[in-house]
Each structure stands twice: as C-alpha cells, then as structure tokens.
>>> print(open('upload28.cif').read())   # mmCIF, C-alpha atoms
data_data
#
loop_
_atom_site.label_atom_id
_atom_site.label_comp_id
_atom_site.auth_asym_id
_atom_site.auth_seq_id
_atom_site.Cartn_x
_atom_site.Cartn_y
_atom_site.Cartn_z
CA MET M 1 7.23 13.95 26.63
CA VAL M 2 10.14 11.52 26.48
CA GLU M 3 11.94 11.31 23.16
CA ALA M 4 12.27 7.82 21.73
CA GLY M 5 15.89 7.06 20.93
CA PRO M 6 17.29 4.77 18.24
CA CYS M 7 16.74 1.05 18.57
CA LYS M 8 19.59 -0.64 20.43
CA ASP M 9 18.72 -4.14 19.22
CA ASP M 10 17.11 -5.42 16.03
CA CYS M 11 14.15 -3.19 15.27
CA LEU M 12 11.86 -4.78 12.73
CA ALA M 13 9.59 -2.82 10.39
CA LEU M 14 6.80 -3.96 8.11
CA ILE M 15 6.22 -2.01 4.91
CA LEU M 16 2.89 -2.44 3.13
CA SER M 17 2.86 -0.76 -0.26
CA GLY M 18 -0.13 0.66 -2.06
CA GLY M 19 -2.00 -0.97 -4.89
CA GLY M 20 -5.75 -0.72 -4.46
CA ALA M 21 -7.38 -4.14 -4.56
CA ARG M 22 -3.94 -5.72 -4.99
CA ALA M 23 -3.44 -5.18 -1.25
CA ALA M 24 -5.47 -8.35 -0.68
CA TYR M 25 -2.19 -10.17 -1.40
CA GLN M 26 -0.74 -8.64 1.78
CA VAL M 27 -3.54 -10.22 3.80
CA GLY M 28 -2.55 -13.63 2.42
CA VAL M 29 1.07 -13.14 3.48
CA MET M 30 -0.04 -12.10 6.97
CA THR M 31 -2.30 -15.17 7.10
CA ALA M 32 0.73 -17.39 6.48
CA LEU M 33 2.69 -15.50 9.11
CA ALA M 34 -0.08 -16.16 11.63
CA GLU M 35 0.09 -19.87 10.76
CA LEU M 36 3.83 -19.87 11.49
CA THR M 37 3.36 -18.40 14.97
CA PRO M 38 1.66 -19.82 18.08
CA PRO M 39 -1.87 -18.63 18.98
CA GLY M 40 -1.88 -15.42 20.97
CA THR M 41 1.40 -14.20 19.48
CA PRO M 42 1.58 -10.40 19.65
CA ASN M 43 2.39 -8.25 16.66
CA PRO M 44 6.07 -8.93 15.76
CA PHE M 45 6.62 -5.55 14.07
CA PRO M 46 7.49 -2.60 16.34
CA ILE M 47 7.28 -0.32 13.29
CA ILE M 48 4.52 -0.53 10.66
CA CYS M 49 4.41 1.69 7.58
CA GLY M 50 1.57 1.71 5.06
CA THR M 51 0.70 3.52 1.87
CA SER M 52 -2.73 3.77 0.21
CA ALA M 53 -4.58 0.44 0.61
CA GLY M 54 -1.50 -0.80 2.45
CA ALA M 55 -2.16 1.91 5.04
CA ILE M 56 -5.54 0.33 5.77
CA ASN M 57 -3.87 -3.03 6.39
CA ALA M 58 -1.17 -1.33 8.45
CA LEU M 59 -3.67 0.28 10.81
CA ALA M 60 -5.67 -2.94 11.03
CA LEU M 61 -2.51 -4.60 12.37
CA ALA M 62 -1.72 -1.70 14.68
CA THR M 63 -5.20 -1.68 16.24
CA HIS M 64 -4.80 -5.38 17.10
CA ALA M 65 -1.13 -5.20 18.08
CA GLY M 66 -1.61 -7.43 21.11
CA ASN M 67 -2.68 -10.44 19.07
CA LEU M 68 -1.46 -11.13 15.54
CA HIS M 69 -4.08 -13.82 14.93
CA GLN M 70 -6.93 -11.50 15.86
CA ALA M 71 -5.50 -8.86 13.53
CA VAL M 72 -5.35 -11.31 10.62
CA ASP M 73 -8.87 -12.57 11.34
CA SER M 74 -10.12 -8.98 11.28
CA MET M 75 -8.44 -8.34 7.93
CA LEU M 76 -9.74 -11.59 6.45
CA GLU M 77 -13.27 -10.78 7.57
CA VAL M 78 -13.24 -7.67 5.37
CA TRP M 79 -11.11 -8.70 2.40
CA SER M 80 -12.60 -12.16 1.89
CA GLU M 81 -16.09 -10.67 1.52
CA PHE M 82 -15.14 -7.46 -0.28
CA ARG M 83 -17.43 -5.97 -2.90
CA SER M 84 -16.93 -2.83 -4.93
CA HIS M 85 -19.87 -1.14 -3.22
CA HIS M 86 -17.89 -1.29 0.06
CA VAL M 87 -15.33 1.07 -1.51
CA MET M 88 -17.26 3.23 -4.00
CA ARG M 89 -20.79 3.85 -5.14
CA THR M 90 -21.63 1.35 -7.89
CA ASP M 91 -25.38 1.95 -8.14
CA TRP M 92 -26.68 3.74 -11.21
CA PRO M 93 -27.75 6.94 -9.39
CA GLY M 94 -24.34 7.15 -7.72
CA LEU M 95 -22.33 6.51 -10.88
CA LEU M 96 -24.39 8.80 -13.12
CA GLY M 97 -24.57 11.54 -10.50
CA GLN M 98 -20.81 11.57 -10.00
CA ALA M 99 -20.19 11.42 -13.78
CA TRP M 100 -22.53 14.40 -14.29
CA ARG M 101 -20.85 16.43 -11.54
CA TRP M 102 -17.41 15.64 -13.01
CA SER M 103 -18.49 16.54 -16.55
CA ARG M 104 -20.29 19.72 -15.47
CA THR M 105 -17.17 20.92 -13.65
CA ASN M 106 -14.35 19.80 -15.91
CA LEU M 107 -15.94 19.82 -19.37
CA LEU M 108 -18.64 22.47 -19.16
CA GLY M 109 -17.20 24.68 -16.42
CA ARG M 110 -20.71 25.52 -15.20
CA THR M 111 -20.28 25.10 -11.47
CA SER M 112 -18.17 26.61 -8.73
CA GLU M 113 -17.89 23.22 -7.04
CA LEU M 114 -14.51 21.67 -7.88
CA THR M 115 -15.05 17.99 -8.63
CA THR M 116 -11.93 16.15 -9.80
CA ALA M 117 -12.96 12.60 -8.84
CA MET M 118 -14.67 10.24 -11.26
CA LEU M 119 -15.85 7.92 -8.47
CA ASP M 120 -17.50 8.47 -5.08
CA ASN M 121 -15.60 6.63 -2.32
CA GLY M 122 -18.00 7.61 0.44
CA PRO M 123 -18.74 3.92 1.23
CA LEU M 124 -15.05 3.38 2.06
CA ARG M 125 -15.17 6.15 4.66
CA GLU M 126 -18.25 4.55 6.21
CA LEU M 127 -16.57 1.13 6.26
CA LEU M 128 -13.38 2.41 7.89
CA GLU M 129 -15.31 4.50 10.40
CA SER M 130 -17.23 1.43 11.53
CA ARG M 131 -14.26 -0.97 11.61
CA MET M 132 -11.22 0.98 12.77
CA ARG M 133 -10.60 1.55 16.48
CA PHE M 134 -8.01 4.32 16.29
CA GLY M 135 -7.81 4.64 20.08
CA CYS M 136 -6.27 1.16 20.24
CA ILE M 137 -3.15 2.50 18.52
CA GLU M 138 -2.23 4.69 21.49
CA GLU M 139 -2.96 1.81 23.86
CA ALA M 140 -0.60 -0.45 21.92
CA LEU M 141 2.10 2.23 21.93
CA GLN M 142 1.83 2.76 25.68
CA ALA M 143 1.87 -1.00 26.28
CA GLY M 144 5.13 -1.32 24.33
CA GLN M 145 3.53 -3.43 21.59
CA LEU M 146 4.40 -0.79 19.00
CA ARG M 147 7.16 1.75 18.54
CA ALA M 148 5.54 3.69 15.68
CA ILE M 149 2.93 3.47 12.93
CA SER M 150 3.20 5.54 9.76
CA VAL M 151 0.72 6.46 7.01
CA SER M 152 1.81 8.36 3.90
CA ALA M 153 -0.13 10.94 1.89
CA PHE M 154 0.70 13.44 -0.85
CA ASP M 155 0.46 17.17 -0.20
CA TYR M 156 -0.89 18.73 -3.41
CA GLN M 157 -0.02 22.30 -2.39
CA ALA M 158 3.61 21.66 -1.41
CA SER M 159 4.05 18.81 -3.91
CA GLN M 160 5.68 16.51 -1.37
CA SER M 161 5.16 13.21 0.42
CA VAL M 162 4.03 13.55 4.02
CA TYR M 163 4.53 10.66 6.43
CA PHE M 164 2.08 11.03 9.29
CA TYR M 165 3.26 8.89 12.18
CA GLN M 166 2.16 8.14 15.71
CA GLY M 167 4.89 6.96 18.03
CA ARG M 168 5.74 5.97 21.58
CA GLY M 169 7.19 9.13 23.05
CA ARG M 170 8.60 11.82 20.83
CA ILE M 171 10.31 10.71 17.63
CA THR M 172 12.20 13.48 15.88
CA PRO M 173 10.46 14.61 12.67
CA TRP M 174 12.48 14.70 9.47
CA ARG M 175 12.62 16.77 6.33
CA ARG M 176 14.20 15.63 3.08
CA HIS M 177 13.75 16.59 -0.56
CA ARG M 178 10.03 16.31 -1.36
CA ARG M 179 9.25 14.32 1.80
CA ILE M 180 8.70 15.12 5.48
CA GLY M 181 7.70 13.27 8.62
CA VAL M 182 4.97 14.70 10.86
CA GLN M 183 4.17 13.23 14.27
CA THR M 184 0.44 13.29 15.00
CA ARG M 185 -2.45 11.21 16.27
CA LEU M 186 -3.69 9.15 13.33
CA GLY M 187 -7.35 9.17 12.40
CA LEU M 188 -9.86 8.50 9.65
CA ASP M 189 -8.89 11.50 7.52
CA HIS M 190 -5.28 10.32 7.32
CA LEU M 191 -6.45 6.97 5.95
CA MET M 192 -8.84 8.55 3.47
CA ALA M 193 -6.09 10.88 2.27
CA SER M 194 -3.63 8.03 1.82
CA THR M 195 -6.12 6.06 -0.29
CA ALA M 196 -7.35 8.95 -2.47
CA ILE M 197 -6.12 7.76 -5.90
CA PRO M 198 -5.83 10.86 -8.13
CA LEU M 199 -8.72 11.44 -10.58
CA LEU M 200 -10.55 8.35 -9.32
CA PHE M 201 -11.20 9.41 -5.69
CA PRO M 202 -11.51 12.94 -4.25
CA PRO M 203 -8.65 14.60 -2.35
CA VAL M 204 -9.02 15.04 1.41
CA LEU M 205 -8.78 18.34 3.29
CA LEU M 206 -6.60 17.88 6.36
CA ASN M 207 -5.26 20.78 8.44
CA ARG M 208 -6.21 23.26 5.68
CA THR M 209 -4.20 21.30 3.10
CA TRP M 210 -5.44 19.00 0.35
CA TYR M 211 -3.96 15.49 0.30
CA GLY M 212 -4.11 12.58 -2.11
CA ASP M 213 -2.83 9.02 -2.40
CA GLY M 214 0.43 8.50 -0.55
CA ALA M 215 2.04 6.66 -3.47
CA VAL M 216 1.99 9.78 -5.68
CA ARG M 217 5.58 10.98 -6.23
CA GLN M 218 6.73 8.82 -3.33
CA GLN M 219 10.47 8.89 -3.97
CA SER M 220 11.57 6.72 -1.06
CA PRO M 221 8.91 4.32 0.30
CA LEU M 222 11.43 2.74 2.71
CA SER M 223 12.47 6.03 4.30
CA PRO M 224 9.78 6.31 7.02
CA ALA M 225 10.74 2.91 8.46
CA LEU M 226 14.41 3.92 8.57
CA HIS M 227 13.68 7.33 10.10
CA LEU M 228 11.56 5.63 12.75
CA GLY M 229 14.53 3.47 13.75
CA ALA M 230 14.22 0.22 11.79
CA ASN M 231 17.28 -1.86 10.92
CA LYS M 232 15.35 -4.85 9.56
CA VAL M 233 12.56 -4.45 7.04
CA LEU M 234 9.97 -6.89 5.72
CA VAL M 235 8.42 -5.57 2.51
CA ILE M 236 5.23 -7.08 1.11
CA GLY M 237 4.95 -6.02 -2.52
CA VAL M 238 1.98 -6.31 -4.84
CA THR M 239 3.58 -6.92 -8.22
CA HIS M 240 5.03 -9.98 -9.94
CA HIS M 241 8.78 -9.95 -10.63
CA THR M 242 9.78 -11.80 -13.77
CA SER M 243 13.25 -13.26 -14.20
CA GLU M 244 12.97 -13.74 -17.95
CA ILE M 245 15.87 -12.08 -19.77
CA PRO M 246 15.98 -11.88 -23.58
CA VAL M 247 18.77 -13.92 -25.12
CA ALA M 248 21.24 -11.69 -26.95
CA GLY M 249 21.28 -12.22 -30.69
CA GLN M 250 18.14 -14.33 -30.71
CA PRO M 251 15.56 -12.97 -33.18
CA GLY M 252 12.17 -12.22 -31.74
CA PRO M 253 8.85 -13.27 -33.21
CA ILE M 254 7.43 -11.35 -36.15
CA LEU M 255 4.48 -9.41 -34.80
CA LYS M 256 1.81 -7.30 -36.42
CA THR M 257 1.64 -3.64 -35.52
CA PRO M 258 -0.40 -3.50 -32.29
CA PRO M 259 -3.36 -1.13 -31.93
CA PRO M 260 -2.83 2.14 -30.05
CA PRO M 261 -2.98 1.78 -26.25
CA SER M 262 -6.41 2.15 -24.72
CA LEU M 263 -7.20 4.59 -21.92
CA ALA M 264 -7.17 1.64 -19.51
CA GLN M 265 -3.69 0.60 -20.66
CA LEU M 266 -2.40 4.12 -20.15
CA GLY M 267 -4.09 4.27 -16.74
CA GLY M 268 -2.59 0.92 -15.77
CA HIS M 269 0.92 2.10 -16.61
CA LEU M 270 0.37 5.34 -14.70
CA LEU M 271 -0.78 3.39 -11.64
CA HIS M 272 2.25 1.10 -11.97
CA SER M 273 4.53 4.12 -11.93
CA THR M 274 2.66 5.48 -8.91
CA PHE M 275 2.41 2.36 -6.77
CA ILE M 276 5.26 0.10 -7.84
CA ASP M 277 8.23 1.69 -9.59
CA SER M 278 9.39 3.86 -6.66
CA LEU M 279 9.44 0.88 -4.27
CA GLU M 280 11.53 -1.21 -6.64
CA SER M 281 13.97 1.67 -7.18
CA ASP M 282 14.24 2.27 -3.44
CA LEU M 283 15.01 -1.41 -2.80
CA GLU M 284 17.77 -1.29 -5.40
CA GLN M 285 19.19 1.83 -3.74
CA LEU M 286 19.13 0.14 -0.33
CA GLU M 287 20.98 -2.89 -1.71
CA ARG M 288 23.71 -0.59 -3.04
CA MET M 289 23.99 1.18 0.32
CA ASN M 290 24.25 -2.16 2.13
CA ARG M 291 27.12 -3.20 -0.14
CA LEU M 292 28.80 0.14 0.52
CA ALA M 293 28.30 -0.26 4.28
CA ALA M 294 30.28 -3.51 4.19
CA TYR M 295 33.40 -1.58 3.07
CA GLN M 296 33.38 1.06 5.80
CA PRO M 297 35.61 0.71 8.90
CA PHE M 298 34.04 -1.36 11.67
CA ALA M 299 34.14 1.57 14.12
CA MET M 300 31.92 3.62 11.81
CA ARG M 301 29.23 0.98 11.37
CA THR M 302 27.55 1.81 14.67
CA GLY M 303 28.41 5.50 14.70
CA ALA M 304 26.16 8.38 13.79
CA ASN M 305 28.26 9.24 10.72
CA GLY M 306 28.43 5.72 9.34
CA ILE M 307 26.20 3.94 6.84
CA ARG M 308 23.74 1.68 8.63
CA HIS M 309 23.22 -1.80 7.19
CA VAL M 310 19.54 -2.68 6.87
CA ASP M 311 18.43 -6.29 6.39
CA VAL M 312 15.56 -6.59 3.91
CA LEU M 313 13.22 -9.44 3.03
CA VAL M 314 10.74 -8.98 0.19
CA ILE M 315 7.66 -11.15 -0.40
CA SER M 316 5.91 -10.45 -3.70
CA PRO M 317 3.46 -12.25 -6.01
CA SER M 318 4.83 -15.27 -7.86
CA GLU M 319 2.15 -14.88 -10.55
CA PRO M 320 1.16 -11.85 -12.67
CA VAL M 321 -1.62 -10.10 -10.79
CA ASP M 322 -3.12 -8.60 -13.95
CA ARG M 323 -3.82 -12.07 -15.33
CA ILE M 324 -5.65 -12.99 -12.13
CA ALA M 325 -7.72 -9.83 -12.46
CA ALA M 326 -8.59 -10.68 -16.07
CA ARG M 327 -10.08 -13.99 -14.95
CA HIS M 328 -12.47 -12.19 -12.60
CA ARG M 329 -13.49 -9.12 -14.58
CA ASP M 330 -17.06 -10.42 -14.88
CA ALA M 331 -17.35 -10.13 -11.09
CA LEU M 332 -17.64 -6.34 -11.41
CA PRO M 333 -21.17 -5.04 -10.83
CA ALA M 334 -23.00 -4.24 -14.05
CA GLY M 335 -23.03 -0.49 -13.55
CA LEU M 336 -19.31 -0.22 -12.83
CA ARG M 337 -18.51 -2.62 -15.69
CA LEU M 338 -20.40 -0.43 -18.13
CA PHE M 339 -18.80 2.69 -16.64
CA LEU M 340 -15.31 1.26 -17.25
CA ARG M 341 -16.02 -0.39 -20.61
CA GLY M 342 -15.30 2.69 -22.67
CA SER M 343 -11.78 2.95 -21.25
CA GLY M 344 -11.01 -0.67 -22.18
CA ALA M 345 -10.63 -1.78 -18.55
CA THR M 346 -12.99 -4.73 -19.07
CA ARG M 347 -10.89 -6.08 -21.96
CA SER M 348 -7.77 -8.22 -21.54
CA SER M 349 -5.57 -5.28 -22.53
CA GLY M 350 -6.96 -3.26 -19.63
CA SER M 351 -6.40 -5.85 -16.91
CA ASP M 352 -3.57 -3.80 -15.35
CA LEU M 353 -5.99 -1.00 -14.46
CA LEU M 354 -8.64 -3.52 -13.46
CA SER M 355 -6.25 -5.21 -11.02
CA TYR M 356 -6.25 -2.04 -8.89
CA LEU M 357 -10.03 -1.48 -8.92
CA LEU M 358 -11.46 -5.01 -8.73
CA PHE M 359 -12.66 -4.96 -5.12
CA GLU M 360 -14.58 -8.21 -5.49
CA ALA M 361 -14.38 -11.29 -3.26
CA GLU M 362 -13.54 -13.71 -6.07
CA TYR M 363 -10.44 -11.74 -7.06
CA CYS M 364 -9.42 -10.79 -3.52
CA ASN M 365 -9.65 -14.38 -2.27
CA GLU M 366 -7.42 -15.62 -5.08
CA LEU M 367 -4.86 -12.96 -4.17
CA ILE M 368 -5.11 -13.93 -0.49
CA ALA M 369 -4.51 -17.58 -1.42
CA LEU M 370 -1.54 -16.57 -3.58
CA GLY M 371 -0.03 -14.48 -0.79
CA ARG M 372 -0.40 -17.35 1.66
CA ARG M 373 1.26 -19.82 -0.75
CA ASP M 374 4.13 -17.46 -1.55
CA ALA M 375 4.82 -16.77 2.13
CA LEU M 376 4.65 -20.44 3.16
CA ALA M 377 7.02 -21.29 0.31
CA ARG M 378 9.51 -19.02 2.07
CA ALA M 379 8.64 -20.14 5.57
CA ASP M 380 12.27 -20.86 6.48
CA ASP M 381 13.32 -17.36 5.34
CA LEU M 382 10.51 -15.81 7.37
CA ARG M 383 11.37 -17.80 10.48
CA ARG M 384 15.02 -16.76 10.30
CA PHE M 385 14.23 -13.14 9.53
CA LEU M 386 11.56 -12.77 12.21
CA ASP M 387 13.27 -15.09 14.68
CA ILE M 388 10.23 -17.40 14.85
CA PRO M 389 11.02 -20.66 16.68
CA VAL M 390 10.25 -23.91 14.87
CA THR M 391 7.50 -25.81 16.67
CA ALA M 392 7.02 -29.56 16.47
#
>>> encode(input="upload28.cif", output="structure tokens")
Amino acid sequence: MVEAGPCKDDCLALILSGGGARAAYQVGVMTALAELTPPGTPNPFPIICGTSAGAINALALATHAGNLHQAVDSMLEVWSEFRSHHVMRTDWPGLLGQAWRWSRTNLLGRTSELTTAMLDNGPLRELLESRMRFGCIEEALQAGQLRAISVSAFDYQASQSVYFYQGRGRITPWRRHRRIGVQTRLGLDHLMASTAIPLLFPPVLLNRTWYGDGAVRQQSPLSPALHLGANKVLVIGVTHHTSEIPVAGQPGPILKTPPPPSLAQLGGHLLHSTFIDSLESDLEQLERMNRLAAYQPFAMRTGANGIRHVDVLVISPSEPVDRIAARHRDALPAGLRLFLRGSGATRSSGSDLLSYLLFEAEYCNELIALGRRDALARADDLRRFLDIPVTA
C-alpha cells in the first residue's frame, strides 16, 4: 500500500460538527454552496470530517463525491422530510417499553441486561442502512475525488476520542492525549457509534469496545483534518454567536430570583458543552497558533519543525437556534412530547435541549433555510476561500 504524503498545494477540509437535529443547518449551507457552483461540480473537499449528526452529513457527501449537487439533493431529500420516528421510536409501545427497560435496570436493578439509553434509535440504523452506499467511499478515494473521510467516536473503556478514517493509500495514524486516529473501512457501526448521544441512545459495540457520541470529551475537533493533511478548513457550526458585550459600569435590570433550572435546562447545557464548547475553544487555539506562525522565520514555515498556518472560514447560525426550536415544539409527536414534558423540554426554558432532539420537518426546513441565507450572505468569502469562479 502506498503511503499518502502531505498535501503539496492547498488541501481543503470540511468539518461538520455534531448537534443532533441542529445539523440540518449544515445542509442549508451546502445547498448554498451548490448554488454557487456549476451543475456537475465534483465535491470540492478532499478531506471531510464529521462528528455525530455531522458524521451522517459527511458520509452523505463522501458517497456522492463525484457530484456535489447530487450529494446536496440526497441530503435535502432526507432532512426536508425528517420526522422523529425516522431517528427513534416515538410510538407508545416503543417509548413505554424502553422506559420500562431503563427503569428496571437502573432503578430496580432487576435485570442482567444493561440498558443505559432512554430512547430506542433503531429506526436511525434502518434509515442509514437503506440510504448509505459505503462502497462508494472507496470508489471516490480511488478516483482521486477524496483524500480522506473521518468519523469520530468516543471510546468508553479508554476514555478517549477515536477518529476512524478511510483514506487514499496509507495515512499515518496518530496518537495524542485522549485522542487517536485509526485507519479503517468505514461502515454503519461507525456512524451509529458517532451518533450515540450518552443516556439518550445506546452505545455501540465495535471491535470489542463500546463507543458513544464522538463529541463526548472531544478536546480538539479540528485535529483530524490537520492530521489528514489539511491546510485550509471550512467549519460549519451549529450555534449562534452573539457579539453583545455588557457595557462596563452600566447597571443591569432588576430581576426576580429565577426558579431552579429544570432537567431540560441542565441537559441543554450539558449538550452545549459536549457539542459546541470544544469546537469554539479549538478555533481560538488555532487563531493563536496562526498568529504565532507569522512570527517564525520564513525557512521554518514549510519545514517539518515549523508551525503550519491554517486558513479557516467558519459559517454559523446568525439566529439563536433554540428560539427556532421553541417555535416548533408542537411539531413533536404526542408520545414523545409527553415523554419529554416532565423534564421541561417542551417549555420555553427547555428549548436548548429540544433544539438537539426536534427531528421534525418544520424545524429542520427552517434551519436549512437559515443555513442557505447565512452562506449566501457570505458568498464572496466562500468563492475566495474555495476558489469558485464567478459566473455571469
């Protein structure tokens, strides 16, 4: 097997972060990108890295690497018609049966079967098995349409992030603190492991090791793209960045003591820390390294011992996603709405948690539309970054 060396020219990577139903926003950004490119344009990203729901979108792109527009159409076909029952069981027998198994195991201790998941995501496995053509990944790699595709998961036994990647030729694996890269042939179990949100969905047994959602304890979400050779990175985030800064010395409003946080509020903050905080911290770290790279001698910039400058473009929601979710909470099926009511997820205060679990077309389509608008608003930046020619 021939080992793939470092990229000699610009090597572009796409990073799709996790976020459950929030990943519909990524589909909107890709829709805009397809509108900016001529029909039949191949995938512009030699390296694609995905985590959790972002891993599903990543593999959807990789399996249609020869035609970006076909890839986007395939993603739209699923996300624009999404319903919760495509991801998890929402019927009463399914919900009550899973709740009973969870309670019997974790509250009563009366069974040897270890059940840690509150929801049954069997429908998601069936959906992915019917839609994903994993063999197309190897075809795209051999045709030179891809350099590598990476999917992250969390190893519960070793307590570390594992980046499973499939590449053209041999790409040297890596090992860092709490994260490793493993070259393999990607399949359904890798996707299910990457999307297994702790406590909500069951862990996945893969090579005699139990794995969960790839965003768990993911210290450096950008690292797989850099290890795979990228020197330009497009990141599609799933959270709104506010620029509001409190004015020093200005008194704030007098507020009443708020009620204690609900279970849904706590869950929303935990999911934020899992899916979002590490990516933002990693981007800040990369910006600092880029500034440092500018001060090193020119001869070191291309050497093995130098600091490599990495160009980064980030597209993220211009509106708070939790507020969008709150507008569509009635779209949840009755059984799932009742199941989540006790936690407070169906109230306004629980919209953060809801924004990750609301796999309903009304919500997903609004996120897709938002992603498309945000990307088209930065069309000039995207054209320059991706070297897309301007057509008349």
>>> resolve_selection(input="upload28.cif", expression="the PyMOL selection byres ((chain M and resi 323) around 9)", output="VMD selection string")
chain M and resid 319 to 322 324 to 327 348 351 to 352 355
>>> atom_distance(input="upload28.cif", atom1="CA of Leu234 (chain M)", atom2="CA of Arg308 (chain M)")
16.5 Å
>>> resolve_selection(input="upload28.cif", expression="the PyMOL selection byres ((chain M and resi 130-142) around 12)", output="number ranges by chain")
M: 4, 42-43, 45-48, 55-67, 71, 74-75, 77-78, 86, 123-129, 143-150, 165-170, 184-191
>>> resolve_selection(input="upload28.cif", expression="the PyMOL selection byres ((chain M and resi 159) around 12)", output="list in words")
Ala153, Phe154, Asp155, Tyr156, Gln157, Ala158, Gln160, Ser161, Val162, His177, Arg178, Arg179, Ile180, Thr209, Trp210, Tyr211, Gly212, Gly214, Val216, Arg217, Gln218 and Gln219 of chain M
>>> write_last_selection(input="upload28.cif", atoms="C-alpha atoms", output="PDB file, in the frame of the given file")
ATOM      1  CA  ALA M 153      -0.130  10.940   1.890  1.00  0.00           C
ATOM      2  CA  PHE M 154       0.700  13.440  -0.850  1.00  0.00           C
ATOM      3  CA  ASP M 155       0.460  17.170  -0.200  1.00  0.00           C
ATOM      4  CA  TYR M 156      -0.890  18.730  -3.410  1.00  0.00           C
ATOM      5  CA  GLN M 157      -0.020  22.300  -2.390  1.00  0.00           C
ATOM      6  CA  ALA M 158       3.610  21.660  -1.410  1.00  0.00           C
ATOM      7  CA  GLN M 160       5.680  16.510  -1.370  1.00  0.00           C
ATOM      8  CA  SER M 161       5.160  13.210   0.420  1.00  0.00           C
ATOM      9  CA  VAL M 162       4.030  13.550   4.020  1.00  0.00           C
ATOM     10  CA  HIS M 177      13.750  16.590  -0.560  1.00  0.00           C
ATOM     11  CA  ARG M 178      10.030  16.310  -1.360  1.00  0.00           C
ATOM     12  CA  ARG M 179       9.250  14.320   1.800  1.00  0.00           C
ATOM     13  CA  ILE M 180       8.700  15.120   5.480  1.00  0.00           C
ATOM     14  CA  THR M 209      -4.200  21.300   3.100  1.00  0.00           C
ATOM     15  CA  TRP M 210      -5.440  19.000   0.350  1.00  0.00           C
ATOM     16  CA  TYR M 211      -3.960  15.490   0.300  1.00  0.00           C
ATOM     17  CA  GLY M 212      -4.110  12.580  -2.110  1.00  0.00           C
ATOM     18  CA  GLY M 214       0.430   8.500  -0.550  1.00  0.00           C
ATOM     19  CA  VAL M 216       1.990   9.780  -5.680  1.00  0.00           C
ATOM     20  CA  ARG M 217       5.580  10.980  -6.230  1.00  0.00           C
ATOM     21  CA  GLN M 218       6.730   8.820  -3.330  1.00  0.00           C
ATOM     22  CA  GLN M 219      10.470   8.890  -3.970  1.00  0.00           C
TER      23      GLN M 219
END
>>> residues_around(input="upload28.cif", residues="Thr239 (chain M)", least_positions_apart="2", cutoff="7 Å", atoms="only C-alpha atoms", output="VMD selection string")
chain M and resid 237 241 316 to 317 321
